[in-house]
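K.L.:
Here's a structure for you.
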Amino acid sequence: MDQLTNFKNAHRKIKFTTKDGLKGQLFFVQANIVRVMVNSTGNFNGQATIPKAVDIPTLGDETVASGSGAQKVGTPLLTQDFLTAHGESSKTGLNTDQFHLEFDQTSGHFTINDETGKVYFKQNRMPTRNKEKTHLSLRLPSTPETYYFGGGMQNGKYSLKGKEIAIENTNRWTDGGVTSPEPFFFTTSGYGILFNTFTKGRYDFSDPRFIQLTHEDPQLDYFVILGETPAKLIHGYHKLTGLPPLNPLYSFYPAHLNAYNRDYWFPVSPDSDGAIQFPDGKTYKEYQPLNPKSFNTERPGKISFEGQTMVPNVYGTGHVSFTTVDEQGDPVSGVWESLNGENKNYQFSARAIIDRYHQKQLPLGWFLPNDGYGAGYGQTDSFAGDLQNLSQFSKYAHEHGVATGLWTQEQLVPPNAQNIQKGERNLAAEAKVGGISAIKTDVAWVGAGYTFGLNGIAKAAQTLTAVHKKRPFILTVDGWAGTQRFASVWTGDQAGSDWQNIRFQIPTYLSAGLSGNSNIGSDIDGIYSGDNPVIQTRDLQWKSFTPLQLVMDGWGSRAKDLGSQFGANFLAINRFYLKLKTRLLPYL
């Protein structure tokens, strides 16, 4: 059946026009990679389409994407334009020294095979428009024997055979959610596909006869990657979008993440909800001042202290008994935490955490002292003063073999670089003066995803590299294709004390790795709950064989510090596995 009205094969490119007015071209960009470009205009500039407006699912979570969600291509998905044709034209198609593409001049169908005649890829349908003619879809043949992998971080799944997946940021950290999606997949039949787009997509692998691939995009711009093994197909993806970095050595050791500048600790009875015992033998409960940036203004359990209204740091409305109270029942004594223990509050300081890890012989690689909404890193009255406070903490950490970084809730640069206000951020100064070498771009800022997340981590990498002249470390969520060349990814916020959390994280890790991002990790025993020592220990054990181990403290029902809060037996098990990971670092 004739589907083409025009055909030309010259200068190593095939160009065609379909009966319904679509124009296309295809050519080899590498010996084993073909680019196919189809649209209604015939303008093939290679620019990836960006979404005009992104609907950001928050699922009731105020913290998601509270920063700017403006979409613009500041950082391309591809490492270069890949518009130069390779190989040679032939009478029936295109050739390289590895593959032959045979194109039917009547139907527009084509196959790609190697010199032995083995078929790696077949396209037996032309792209089609949807009813509204707003985007194009691609349908490819399948067989019952073919398996599919990729799609980015698809929570709870890694084999895509028989499934339909979303290539979009759903901001769901649980089973079935999608974070850091990628418009890339590969097959066991010898090919992979990368779409050059920032638009949402759906890939349907549920029918054993064919697969259906759709993006909310008026054009189709995709690369067909050819290879005998999954490794060759993933490496083809890396050729197009960039290799993952070799992360700094410290990043392979556990990280401790918490806020040490925002909260207050009040002495309470041991039976109080959320009570934590400290080295002085007393028990305390953590509270934080009301602050819109902390998204806590509607949280129950309000108290008053020194003219400030505060709420519990951890959700819960159980019984709380303060050791000394005033006539209104509010506590009369409390301690404001800090980075350096400068206000007679050492046991509530970030420095004390480093010391405790060392005293218990637990490896510690890096530290974020501001990982909490509305938390800064200093208690002076100026940005410059707070920056010096950060510098003092970084100096102490570095002396103890620990790198430092910062969590970002907002922009990486101040509105006015000549007049930086307290509470604003300036990544360049924080790196140069404050001594940090790592950054975590969390959902509050990059949660819009797509181009926004990629632009953010590229800017962070550029800034940190310019200051230190060495490899930075960046941790992020809500990535896209190309994220792997700048950042590591983690799986988002999950609950602790939950076996199901471990069950779905294992395939989640695999989906990210099989999508070309080998640098992946997550919070040990989640960030919430955390009162089951067996679950927490098991989670630490298997994660000791993964690249990143994150200890997210301050959000759960118990302190989280690699299990040392559960006594000598659990501490000994955890120490053994963490030291085993240290011995395996040359292989990792």
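Going by the structure tokens order, chains are called A, B, ..., each with residues numbered from 1, while ligands are numbered from 1 in the order shown.
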I'd like the neighbourhood of region 286-292 of chain A as a short mmCIF file (atom, residue, chain, number, x, y, z; two decimals) with N, CA, C and O atoms, in the first residue's frame, where a residue qualifies if any of its atoms comes within 6 Å (using only C-alpha atoms), though same-chain residues fewer than 4 positions away should be ignored.
P.N.:
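Result file result.cif:
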data_model
loop_
_atom_site.label_atom_id
_atom_site.label_comp_id
_atom_site.auth_asym_id
_atom_site.auth_seq_id
_atom_site.Cartn_x
_atom_site.Cartn_y
_atom_site.Cartn_z
N ASP A 263 15.43 24.04 64.76
CA ASP A 263 14.57 23.45 65.77
C ASP A 263 15.03 23.69 67.21
O ASP A 263 16.20 24.00 67.46
N TYR A 264 14.09 23.49 68.13
CA TYR A 264 14.33 23.58 69.57
C TYR A 264 14.05 22.22 70.20
O TYR A 264 13.18 21.48 69.76
N TRP A 265 14.80 21.94 71.27
CA TRP A 265 14.63 20.69 72.01
C TRP A 265 14.18 21.02 73.43
O TRP A 265 14.80 21.83 74.11
N THR A 297 2.31 25.45 59.27
CA THR A 297 1.42 26.37 59.97
C THR A 297 0.12 25.72 60.42
O THR A 297 -0.54 26.22 61.34
N THR A 309 5.55 30.65 68.48
CA THR A 309 4.66 29.50 68.40
C THR A 309 5.38 28.37 67.69
O THR A 309 5.99 28.58 66.63
N MET A 310 5.34 27.18 68.28
CA MET A 310 6.08 26.04 67.73
C MET A 310 5.17 24.83 67.63
O MET A 310 4.15 24.74 68.32
N VAL A 311 5.57 23.91 66.75
CA VAL A 311 4.85 22.65 66.57
C VAL A 311 5.85 21.51 66.60
O VAL A 311 7.05 21.71 66.37
N PRO A 312 5.39 20.30 66.90
CA PRO A 312 6.32 19.16 66.92
C PRO A 312 7.02 18.98 65.58
O PRO A 312 6.42 19.17 64.52
N ASN A 313 8.27 18.59 65.64
CA ASN A 313 9.02 18.35 64.41
C ASN A 313 8.47 17.14 63.66
O ASN A 313 8.44 17.11 62.43
#
K.L.:
Find the spatial neighbours of Gly492 (chain A), counting only C-alpha atoms, within a cut-off of 7 Å - ignore same-chain residues fewer than 5 positions away - and output them as a list in words.
P.N.:
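Near Gly492 (chain A), the qualifying residues are Trp173, Val477 and Ser522 of chain A.
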K.L.:
Can you list, as a PyMOL selection string, every residue of region 118-234 of chain A that DSSP puts in alpha helix (DSSP H)?
P.N.:
chain A and resi 230-234
K.L.:
At a cut-off of 10 Å, using only C-alpha atoms, what residues contact Ser142 (chain A)? Leave out same-chain residues fewer than 5 positions from it and give the result as an NGL selection string.
P.N.:
:A and (122 or 147 or 187 or 189 or 205 or 207-212)
K.L.:
Residues within 6 Å of Ile474 (chain A), please, as a list in words. Count only C-alpha atoms; anything in the same chain fewer than 6 positions from it doesn't count.
P.N.:
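The filter keeps Ala438, Ile439, Lys440 and Ala487 of chain A.
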K.L.:
Would you mind listing what lies within 9 Å of region 88-92 of chain A as a list in words, with only C-alpha atoms counted and same-chain residues fewer than 4 positions away left out?
P.N.:
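That gives Asn9, Ala10, His11, Arg12, Lys13, Ile14, Phe28, Thr96, Leu101, Glu102, Phe103, Asp104 and Gln105 of chain A.
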K.L.:
Sort by chain and increasing residue number a table of all residues of region 169-245 of chain A within 10 Å of region 54-60 of chain A, each with its closest pair of atoms and their distance in Å to one decimal, counting only C-alpha atoms, and write it as JSON lines.
P.N.:
{"residue": "A:Asn169", "atom": "CA", "partner": "A:Ile56", "partner_atom": "CA", "distance": 7.7}
{"residue": "A:Thr170", "atom": "CA", "partner": "A:Pro57", "partner_atom": "CA", "distance": 5.8}
{"residue": "A:Asn171", "atom": "CA", "partner": "A:Pro57", "partner_atom": "CA", "distance": 6.2}
{"residue": "A:Arg172", "atom": "CA", "partner": "A:Leu59", "partner_atom": "CA", "distance": 7.9}
{"residue": "A:Thr199", "atom": "CA", "partner": "A:Val54", "partner_atom": "CA", "distance": 9.0}
{"residue": "A:Lys200", "atom": "CA", "partner": "A:Val54", "partner_atom": "CA", "distance": 9.0}
K.L.:
Give me the residues within 9 Å of Gly87 (chain A) as an mmCIF file with N, CA, C and O atoms, in the first residue's frame, counting only C-alpha atoms and dropping any in the same chain fewer than 4 places off.
P.N.:
data_model
loop_
_atom_site.group_PDB
_atom_site.id
_atom_site.type_symbol
_atom_site.label_atom_id
_atom_site.label_comp_id
_atom_site.auth_asym_id
_atom_site.auth_seq_id
_atom_site.Cartn_x
_atom_site.Cartn_y
_atom_site.Cartn_z
ATOM 1 N N ARG A 12 23.595 10.632 2.219
ATOM 2 C CA ARG A 12 23.519 9.814 3.442
ATOM 3 C C ARG A 12 22.254 10.049 4.263
ATOM 4 O O ARG A 12 22.196 9.697 5.429
ATOM 5 N N PHE A 27 18.651 9.050 9.186
ATOM 6 C CA PHE A 27 20.061 8.929 8.833
ATOM 7 C C PHE A 27 20.814 8.354 10.022
ATOM 8 O O PHE A 27 20.357 8.414 11.166
ATOM 9 N N PHE A 28 21.979 7.775 9.766
ATOM 10 C CA PHE A 28 22.854 7.274 10.828
ATOM 11 C C PHE A 28 23.615 8.455 11.436
ATOM 12 O O PHE A 28 24.212 9.260 10.713
ATOM 13 N N VAL A 29 23.620 8.538 12.763
ATOM 14 C CA VAL A 29 24.446 9.544 13.441
ATOM 15 C C VAL A 29 25.696 8.902 14.037
ATOM 16 O O VAL A 29 26.657 9.596 14.387
ATOM 17 N N GLN A 30 25.681 7.602 14.201
ATOM 18 C CA GLN A 30 26.834 6.791 14.591
ATOM 19 C C GLN A 30 26.717 5.497 13.798
ATOM 20 O O GLN A 30 25.689 5.223 13.174
ATOM 21 N N ALA A 31 27.728 4.681 13.882
ATOM 22 C CA ALA A 31 27.688 3.425 13.128
ATOM 23 C C ALA A 31 26.537 2.534 13.560
ATOM 24 O O ALA A 31 26.074 1.687 12.783
ATOM 25 N N LEU A 94 20.516 2.799 3.492
ATOM 26 C CA LEU A 94 21.700 3.415 4.073
ATOM 27 C C LEU A 94 22.591 2.333 4.656
ATOM 28 O O LEU A 94 22.107 1.321 5.176
ATOM 29 N N ASN A 95 23.910 2.575 4.603
ATOM 30 C CA ASN A 95 24.866 1.604 5.119
ATOM 31 C C ASN A 95 25.880 2.257 6.037
ATOM 32 O O ASN A 95 26.301 3.402 5.813
ATOM 33 N N THR A 96 26.305 1.506 7.084
ATOM 34 C CA THR A 96 27.537 1.809 7.806
ATOM 35 C C THR A 96 28.366 0.537 7.784
ATOM 36 O O THR A 96 27.941 -0.484 7.210
ATOM 37 N N ASP A 97 29.526 0.572 8.403
ATOM 38 C CA ASP A 97 30.349 -0.630 8.396
ATOM 39 C C ASP A 97 29.778 -1.724 9.302
ATOM 40 O O ASP A 97 30.272 -2.853 9.293
#
K.L.:
Need to verify the contact set: region 527-542 of chain A, 9 Å, only C-alpha atoms, exclusion of same-chain residues closer than 5 positions in sequence. Can you return it as a PyMOL selection string?
P.N.:
chain A and resi 314+493-499+502+549+551-560+562-563+565-566+570-571+573-574+577-578
K.L.:
Separation of CA of Arg425 (chain A) and CA of Tyr373 (chain A), in Å?
P.N.:
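Separation between CA of Arg425 (chain A) and CA of Tyr373 (chain A): 13.8 Å.
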